[in-house]
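Comments concern the structure below.
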Amino acid sequence: MSEALIRVQTRAVAERLRLLRSLVRETAASAGLGDDGVRDVVLAVDEACQNVVRHAYAQAQSERPLELEVLSDAGSLTFVLRDAGRAVDLDAIRPGPPDALRPGGRGLYLIRQVMDRVEHRPGPGGTGNELRLSKLIPREAR
Amino acid sequence: MSEALIRVQTRAVAERLRLLRSLVRETAASAGLGDDGVRDVVLAVDEACQNVVRHAYAQAQSERPLELEVLSDAGSLTFVLRDAGRAVDLDAIRPGPPDALRPGGRGLYLIRQVMDRVEHRPGPGGTGNELRLSKLIPREAR
Amino acid sequence: MNITTTTRDTTAIVSLSGDVDLETSPQVRKALLAALGSGSDAVLADLAEVTYIDSSGVASLVEALQKARGAGKRFALVAVSDAAHRVLELARLDRVFTIHASVEDACG
Amino acid sequence: MNITTTTRDTTAIVSLSGDVDLETSPQVRKALLAALGSGSDAVLADLAEVTYIDSSGVASLVEALQKARGAGKRFALVAVSDAAHRVLELARLDRVFTIHASVEDACG
Ligand SMILES: Nc1ncnc2c1ncn2[C@@H]1O[C@H](COP(=O)(O)OP(=O)(O)O)[C@@H](O)[C@H]1O
Ligand SMILES: Nc1ncnc2c1ncn2[C@@H]1O[C@H](COP(=O)(O)OP(=O)(O)O)[C@@H](O)[C@H]1O
């Protein structure tokens, strides 16, 4: 049984990412993830949030909801990220290590490197995305 | 015009207060409240949240929603705290400095000492409370 | 939050570090009352490493002070961090407690 | 996030401190490209004080590297903090950039 630790709603703009990171850091640390685990999870969730900021909404769009929910169970921590943009098929985007000399295109790669489980569900009716990022908690910290 | 920076929903239990404090700290710091202002605001919002934890719900109650919203405008930062407990009349509780030798009863006093505006609205139909705590942002930091 | 109790002659020193809040103050209360219940004739709460304290933490200190008075024992705060001092001030308790700069000062 | 550009002989040193994220990386990009556009024949990005860097920050570094190569200039990272190094590693870029332990090492 997983428990919702917290649910956060904000506008998907770059100025909120710092705040979201501090929230992720705090939940990951209290879940027992250790410094390296905390750092990796903060990166992955930030990359996922920043994809919502950059890709989910048209630039001019002022309504740009982003919801982050943190779920915890005995063995893992899951970050569920929801947007209300156009539903996309993220599973179709499976690049290997990104081209060293292309500046962009590293977000999903980093997320998949760092998290133990990545699940994407396009929203019903072509609207919205739900991305679930899970990290196992080391046995000795549970 | 005030802008909602973030809205957070969680269970009103002592184990979530640390996370809420870190969120308050981060928003207060980015709003430009210096170290002392940040520290005071963290205390006030924590005291308000802990009142929800201790007083809003019966101990055995497992559904115990607590919502914290942070609003910002050019001149101030407002923390809106909502519970779904029995509506109370907090304005009726106006103690002076609490008795030095009574352990409890200091929360509202600290909140009123530290915040520039404290507004309480009992919810409609006798259910729920909304507490709005505002802090002015020093002119030079706006 | 970390609590360590050490003894120096007949004085018990309860050192707190981290955030003293609604979640952790019950342990602080327990440690202070245990120290007062032991053979020591004075108890010092060392607040040097306290990064945060709320009204529930302050309530534990007040309760310890009361219990000490009742038992004719000495209770004092030591090396109060800025964060803790601010809250004592706001709660108008900074003059109610005896406060020493250091354990040495308190014992000397 | 703070960016300071200093010059030592013909080398420009862009020192970053704080979090390099989607909000702040545009400034980093601008500072790096400006340093590369100036008269200097080498640019060093000093990452000693970088507390966090995301893919957009990494992208700015990659863009600077590309531009340096195009212009026949040297671009290297210096004193890379643990936080930044981890991300370079995850992005498989830790071997793509030239990395020096210190500005002295890089200039020597
Ligand atoms: N929330 C999202 N909504 C729409 N498209 C997305 C979303 N997240 C990722 N994408 C798509 O996936 C692609 C790959 O993302 P990523 O690996 O993070 O690299 P980058 O964002 O730098 O292109 C993006 O270019 C975008 O087309
Ligand atoms: N959210 C709330 N719901 C119900 N009652 C509340 C709430 N907040 C405060 N109160 C009431 O106000 C009183 C004073 O609160 P406070 O000054 O924080 O001291 P204490 O909580 O230690 O009694 C409480 O004892 C409680 O009866």
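Going by the structure tokens order, chains are called A, B, ..., each with residues numbered from 1, while ligands are numbered from 1 in the order shown.
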> Quick one: residues within 10 Å of ligand 2, with only C-alpha atoms and all ligand atoms, as a count of residues only?
Replying inline: 49
> Among segment 31-119 of chain A, which ones does DSSP place in strand (DSSP E), written as a ChimeraX atom specification?
Replying inline: /A:65-73,76-86,117-119
Can you write just those residues out, N, CA, C and O atoms, as a short mmCIF file (atom, residue, chain, number, x, y, z; two decimals), in the first residue's frame?
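That gives us part27.cif:
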data_model
loop_
_atom_site.label_atom_id
_atom_site.label_comp_id
_atom_site.auth_asym_id
_atom_site.auth_seq_id
_atom_site.Cartn_x
_atom_site.Cartn_y
_atom_site.Cartn_z
N PRO A 65 -0.83 24.13 -15.85
CA PRO A 65 -0.76 23.36 -14.59
C PRO A 65 0.29 22.27 -14.61
O PRO A 65 0.49 21.59 -15.62
N LEU A 66 0.95 22.13 -13.48
CA LEU A 66 1.89 21.04 -13.25
C LEU A 66 1.59 20.52 -11.87
O LEU A 66 1.49 21.29 -10.91
N GLU A 67 1.40 19.23 -11.77
CA GLU A 67 1.14 18.63 -10.47
C GLU A 67 2.19 17.57 -10.18
O GLU A 67 2.50 16.74 -11.03
N LEU A 68 2.71 17.61 -8.97
CA LEU A 68 3.70 16.61 -8.55
C LEU A 68 3.20 15.97 -7.27
O LEU A 68 2.88 16.65 -6.30
N GLU A 69 3.09 14.65 -7.31
CA GLU A 69 2.64 13.93 -6.13
C GLU A 69 3.76 12.98 -5.72
O GLU A 69 4.39 12.37 -6.58
N VAL A 70 4.00 12.86 -4.43
CA VAL A 70 5.04 11.95 -3.96
C VAL A 70 4.38 10.82 -3.19
O VAL A 70 3.65 11.06 -2.22
N LEU A 71 4.60 9.59 -3.64
CA LEU A 71 4.03 8.41 -3.00
C LEU A 71 5.15 7.60 -2.37
O LEU A 71 6.24 7.48 -2.94
N SER A 72 4.85 7.05 -1.22
CA SER A 72 5.87 6.27 -0.54
C SER A 72 5.31 4.92 -0.15
O SER A 72 4.16 4.81 0.28
N ASP A 73 6.09 3.86 -0.34
CA ASP A 73 5.74 2.60 0.32
C ASP A 73 7.02 2.08 0.96
O ASP A 73 8.06 2.74 0.90
N SER A 76 9.96 1.84 -1.76
CA SER A 76 10.29 2.78 -2.83
C SER A 76 9.58 4.11 -2.67
O SER A 76 8.64 4.24 -1.89
N LEU A 77 10.06 5.06 -3.43
CA LEU A 77 9.50 6.40 -3.45
C LEU A 77 9.12 6.66 -4.91
O LEU A 77 9.91 6.40 -5.82
N THR A 78 7.89 7.15 -5.12
CA THR A 78 7.44 7.39 -6.50
C THR A 78 7.00 8.84 -6.67
O THR A 78 6.25 9.36 -5.84
N PHE A 79 7.49 9.47 -7.72
CA PHE A 79 7.11 10.83 -8.04
C PHE A 79 6.20 10.78 -9.25
O PHE A 79 6.59 10.27 -10.30
N VAL A 80 4.97 11.27 -9.07
CA VAL A 80 4.01 11.25 -10.17
C VAL A 80 3.85 12.68 -10.67
O VAL A 80 3.47 13.57 -9.91
N LEU A 81 4.13 12.87 -11.94
CA LEU A 81 4.10 14.21 -12.51
C LEU A 81 2.97 14.27 -13.52
O LEU A 81 2.88 13.43 -14.41
N ARG A 82 2.11 15.28 -13.38
CA ARG A 82 0.98 15.38 -14.31
C ARG A 82 0.97 16.74 -14.99
O ARG A 82 1.17 17.76 -14.34
N ASP A 83 0.73 16.73 -16.29
CA ASP A 83 0.51 17.99 -16.98
C ASP A 83 -0.82 17.90 -17.71
O ASP A 83 -1.45 16.85 -17.76
N ALA A 84 -1.27 19.02 -18.24
CA ALA A 84 -2.54 19.04 -18.97
C ALA A 84 -2.30 19.48 -20.41
O ALA A 84 -3.15 20.07 -21.06
N GLY A 85 -1.11 19.19 -20.91
CA GLY A 85 -0.77 19.52 -22.30
C GLY A 85 -1.24 18.42 -23.24
O GLY A 85 -2.00 17.53 -22.86
N ARG A 86 -0.77 18.49 -24.47
CA ARG A 86 -1.09 17.49 -25.46
C ARG A 86 -0.47 16.16 -25.01
O ARG A 86 0.69 16.11 -24.58
N ARG A 117 12.30 2.86 -12.04
CA ARG A 117 11.16 2.59 -12.91
C ARG A 117 10.62 3.89 -13.48
O ARG A 117 10.45 4.87 -12.75
N VAL A 118 10.35 3.90 -14.77
CA VAL A 118 9.79 5.07 -15.44
C VAL A 118 8.57 4.60 -16.22
O VAL A 118 8.68 3.75 -17.10
N GLU A 119 7.41 5.14 -15.87
CA GLU A 119 6.18 4.75 -16.56
C GLU A 119 5.46 5.99 -17.06
O GLU A 119 5.23 6.92 -16.28
#
> For chain C, which residues have at least one atom within 9 Å of chain B, if we go by only C-alpha atoms? Write them as an NGL selection string, please.
Replying inline: :C and (19 or 21-24 or 52-56 or 58-63 or 65-66 or 83 or 86-87 or 90-93 or 96)
> In Å to one decimal, how far is atom CA of Arg7 of chain B from atom CA of Asp116 of chain A?
Replying inline: 28.0 Å
>> I need the chain B residues near chain A as a ChimeraX atom specification; criterion: at most 8 Å, counting only C-alpha atoms.
In response: /B:4-11,16,19,22-23,26-27
> Of the residues C:Ala48, C:Val28, C:Met1, C:Ala79, which is the one nearest to Ile99 of chain C, using only C-alpha atoms?
Replying inline: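 Closest to Ile99 of chain C of all the choices is C:Ala79.
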>> Write out as an MDAnalysis selection string the set of residues from chain D that DSSP, computed on the backbone, places in alpha helix (DSSP H).
In response: chainID D and resid 25:37 55:71 82:90 103:107
>> Let me make sure I understand: among A:Gly34, A:Gly126, A:Pro138, A:Gly75, which one has the smallest atom-to-atom distance to ligand 1 if we use only C-alpha atoms and all ligand atoms?
In response: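 Result for the nearest residue to ligand 1: A:Gly126.
In this structure, atom CA of Leu33 of chain B sits 5.9 Å away from atom CA of Ile137 of chain B.
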>> Taking 3 positions as the minimum chain separation for residues in the same chain, which residues sit within 12 Å of segment 69-73 of chain C when counting only C-alpha atoms? Answer as an MDAnalysis selection string.
In response: (chainID B and resid 101) or (chainID C and resid 10:12 33 35:44 62:66 76 97)
> Can you list, as a ChimeraX atom specification, every protein, DNA or RNA residue that comes within 12 Å of Ala74 of chain B when you count only C-alpha atoms, leaving out same-chain residues fewer than 4 positions away?
Replying inline: /B:1-3,31-32,78,135-142
Convert the current residue selection to file output with all heavy atoms, as a JSON list (two decimals), in the first residue's frame.
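Just written: part38.json:
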[["chain", "number", "residue", "atom", "x", "y", "z"],
["B", 1, "MET", "N", -2.78, 42.44, -7.78],
["B", 1, "MET", "CA", -3.08, 41.07, -8.23],
["B", 1, "MET", "C", -2.09, 40.10, -7.60],
["B", 1, "MET", "O", -0.88, 40.22, -7.76],
["B", 1, "MET", "CB", -2.93, 40.99, -9.76],
["B", 1, "MET", "CG", -4.22, 40.86, -10.51],
["B", 1, "MET", "SD", -4.95, 39.21, -10.26],
["B", 1, "MET", "CE", -3.68, 38.15, -10.98],
["B", 2, "SER", "N", -2.61, 39.14, -6.88],
["B", 2, "SER", "CA", -1.68, 38.18, -6.29],
["B", 2, "SER", "C", -1.64, 36.90, -7.12],
["B", 2, "SER", "O", -2.61, 36.50, -7.74],
["B", 2, "SER", "CB", -2.08, 37.88, -4.85],
["B", 2, "SER", "OG", -3.14, 36.97, -4.80],
["B", 3, "GLU", "N", -0.47, 36.28, -7.13],
["B", 3, "GLU", "CA", -0.24, 35.08, -7.92],
["B", 3, "GLU", "C", -0.03, 33.90, -6.98],
["B", 3, "GLU", "O", 0.66, 34.02, -5.96],
["B", 3, "GLU", "CB", 1.02, 35.29, -8.76],
["B", 3, "GLU", "CG", 1.30, 34.15, -9.73],
["B", 3, "GLU", "CD", 2.75, 34.11, -10.20],
["B", 3, "GLU", "OE1", 3.55, 34.96, -9.74],
["B", 3, "GLU", "OE2", 3.08, 33.24, -10.99],
["B", 31, "ALA", "N", 11.29, 35.06, -2.16],
["B", 31, "ALA", "CA", 10.50, 36.29, -2.19],
["B", 31, "ALA", "C", 11.31, 37.50, -1.71],
["B", 31, "ALA", "O", 10.86, 38.63, -1.82],
["B", 31, "ALA", "CB", 9.25, 36.14, -1.34],
["B", 32, "GLY", "N", 12.48, 37.24, -1.13],
["B", 32, "GLY", "CA", 13.33, 38.34, -0.72],
["B", 32, "GLY", "C", 13.22, 38.72, 0.75],
["B", 32, "GLY", "O", 13.70, 39.78, 1.16],
["B", 78, "THR", "N", 1.72, 35.68, 1.17],
["B", 78, "THR", "CA", 0.61, 35.22, 2.01],
["B", 78, "THR", "C", 0.54, 33.70, 2.00],
["B", 78, "THR", "O", 0.60, 33.08, 0.94],
["B", 78, "THR", "CB", -0.72, 35.81, 1.52],
["B", 78, "THR", "OG1", -0.66, 37.23, 1.60],
["B", 78, "THR", "CG2", -1.90, 35.31, 2.37],
["B", 135, "LYS", "N", 2.98, 38.42, 5.25],
["B", 135, "LYS", "CA", 4.21, 39.08, 5.67],
["B", 135, "LYS", "C", 4.60, 40.09, 4.60],
["B", 135, "LYS", "O", 4.66, 39.75, 3.41],
["B", 135, "LYS", "CB", 5.30, 38.02, 5.82],
["B", 135, "LYS", "CG", 6.63, 38.54, 6.33],
["B", 135, "LYS", "CD", 6.61, 38.70, 7.83],
["B", 135, "LYS", "CE", 7.96, 39.15, 8.38],
["B", 135, "LYS", "NZ", 7.85, 39.48, 9.81],
["B", 136, "LEU", "N", 4.86, 41.30, 5.01],
["B", 136, "LEU", "CA", 5.31, 42.31, 4.06],
["B", 136, "LEU", "C", 6.76, 42.02, 3.66],
["B", 136, "LEU", "O", 7.55, 41.56, 4.49],
["B", 136, "LEU", "CB", 5.22, 43.71, 4.68],
["B", 136, "LEU", "CG", 3.80, 44.13, 5.08],
["B", 136, "LEU", "CD1", 3.82, 45.53, 5.72],
["B", 136, "LEU", "CD2", 2.86, 44.11, 3.89],
["B", 137, "ILE", "N", 7.07, 42.30, 2.41],
["B", 137, "ILE", "CA", 8.43, 42.11, 1.94],
["B", 137, "ILE", "C", 9.14, 43.45, 1.98],
["B", 137, "ILE", "O", 8.61, 44.45, 1.50],
["B", 137, "ILE", "CB", 8.42, 41.53, 0.51],
["B", 137, "ILE", "CG1", 7.79, 40.14, 0.55],
["B", 137, "ILE", "CG2", 9.82, 41.48, -0.08],
["B", 137, "ILE", "CD1", 7.38, 39.62, -0.79],
["B", 138, "PRO", "N", 10.32, 43.50, 2.60],
["B", 138, "PRO", "CA", 11.04, 44.78, 2.72],
["B", 138, "PRO", "C", 11.17, 45.45, 1.35],
["B", 138, "PRO", "O", 11.47, 44.78, 0.36],
["B", 138, "PRO", "CB", 12.42, 44.37, 3.25],
["B", 138, "PRO", "CG", 12.28, 43.00, 3.79],
["B", 138, "PRO", "CD", 11.08, 42.38, 3.16],
["B", 139, "ARG", "N", 10.95, 46.75, 1.33],
["B", 139, "ARG", "CA", 10.90, 47.47, 0.06],
["B", 139, "ARG", "C", 12.13, 47.23, -0.82],
["B", 139, "ARG", "O", 12.02, 47.03, -2.03],
["B", 139, "ARG", "CB", 10.74, 48.97, 0.33],
["B", 139, "ARG", "CG", 10.33, 49.80, -0.87],
["B", 139, "ARG", "CD", 9.75, 51.13, -0.44],
["B", 139, "ARG", "NE", 8.46, 50.95, 0.20],
["B", 139, "ARG", "CZ", 7.31, 50.85, -0.47],
["B", 139, "ARG", "NH1", 7.30, 50.87, -1.79],
["B", 139, "ARG", "NH2", 6.17, 50.69, 0.16],
["B", 140, "GLU", "N", 13.30, 47.19, -0.19],
["B", 140, "GLU", "CA", 14.53, 47.07, -1.00],
["B", 140, "GLU", "C", 14.67, 45.69, -1.65],
["B", 140, "GLU", "O", 15.46, 45.54, -2.58],
["B", 140, "GLU", "CB", 15.78, 47.40, -0.14],
["B", 140, "GLU", "CG", 16.04, 46.49, 1.04],
["B", 140, "GLU", "CD", 15.20, 46.83, 2.29],
["B", 140, "GLU", "OE1", 14.23, 47.62, 2.18],
["B", 140, "GLU", "OE2", 15.50, 46.27, 3.36],
["B", 141, "ALA", "N", 13.86, 44.72, -1.21],
["B", 141, "ALA", "CA", 13.99, 43.37, -1.78],
["B", 141, "ALA", "C", 12.96, 43.09, -2.88],
["B", 141, "ALA", "O", 13.00, 42.05, -3.52],
["B", 141, "ALA", "CB", 13.85, 42.33, -0.67],
["B", 142, "ARG", "N", 12.03, 44.02, -3.09],
["B", 142, "ARG", "CA", 10.94, 43.73, -4.04],
["B", 142, "ARG", "C", 11.42, 43.72, -5.49],
["B", 142, "ARG", "O", 12.30, 44.46, -5.83],
["B", 142, "ARG", "CB", 9.83, 44.79, -3.88],
["B", 142, "ARG", "CG", 9.05, 44.54, -2.61],
["B", 142, "ARG", "CD", 7.97, 45.59, -2.40],
["B", 142, "ARG", "NE", 7.58, 45.59, -0.99],
["B", 142, "ARG", "CZ", 6.77, 46.51, -0.46],
["B", 142, "ARG", "NH1", 6.27, 47.47, -1.20],
["B", 142, "ARG", "NH2", 6.48, 46.45, 0.82]]
> Quick one, how far is atom CA of Ala29 of chain A from atom CA of Val50 of chain C?
Replying inline: 19.3 Å
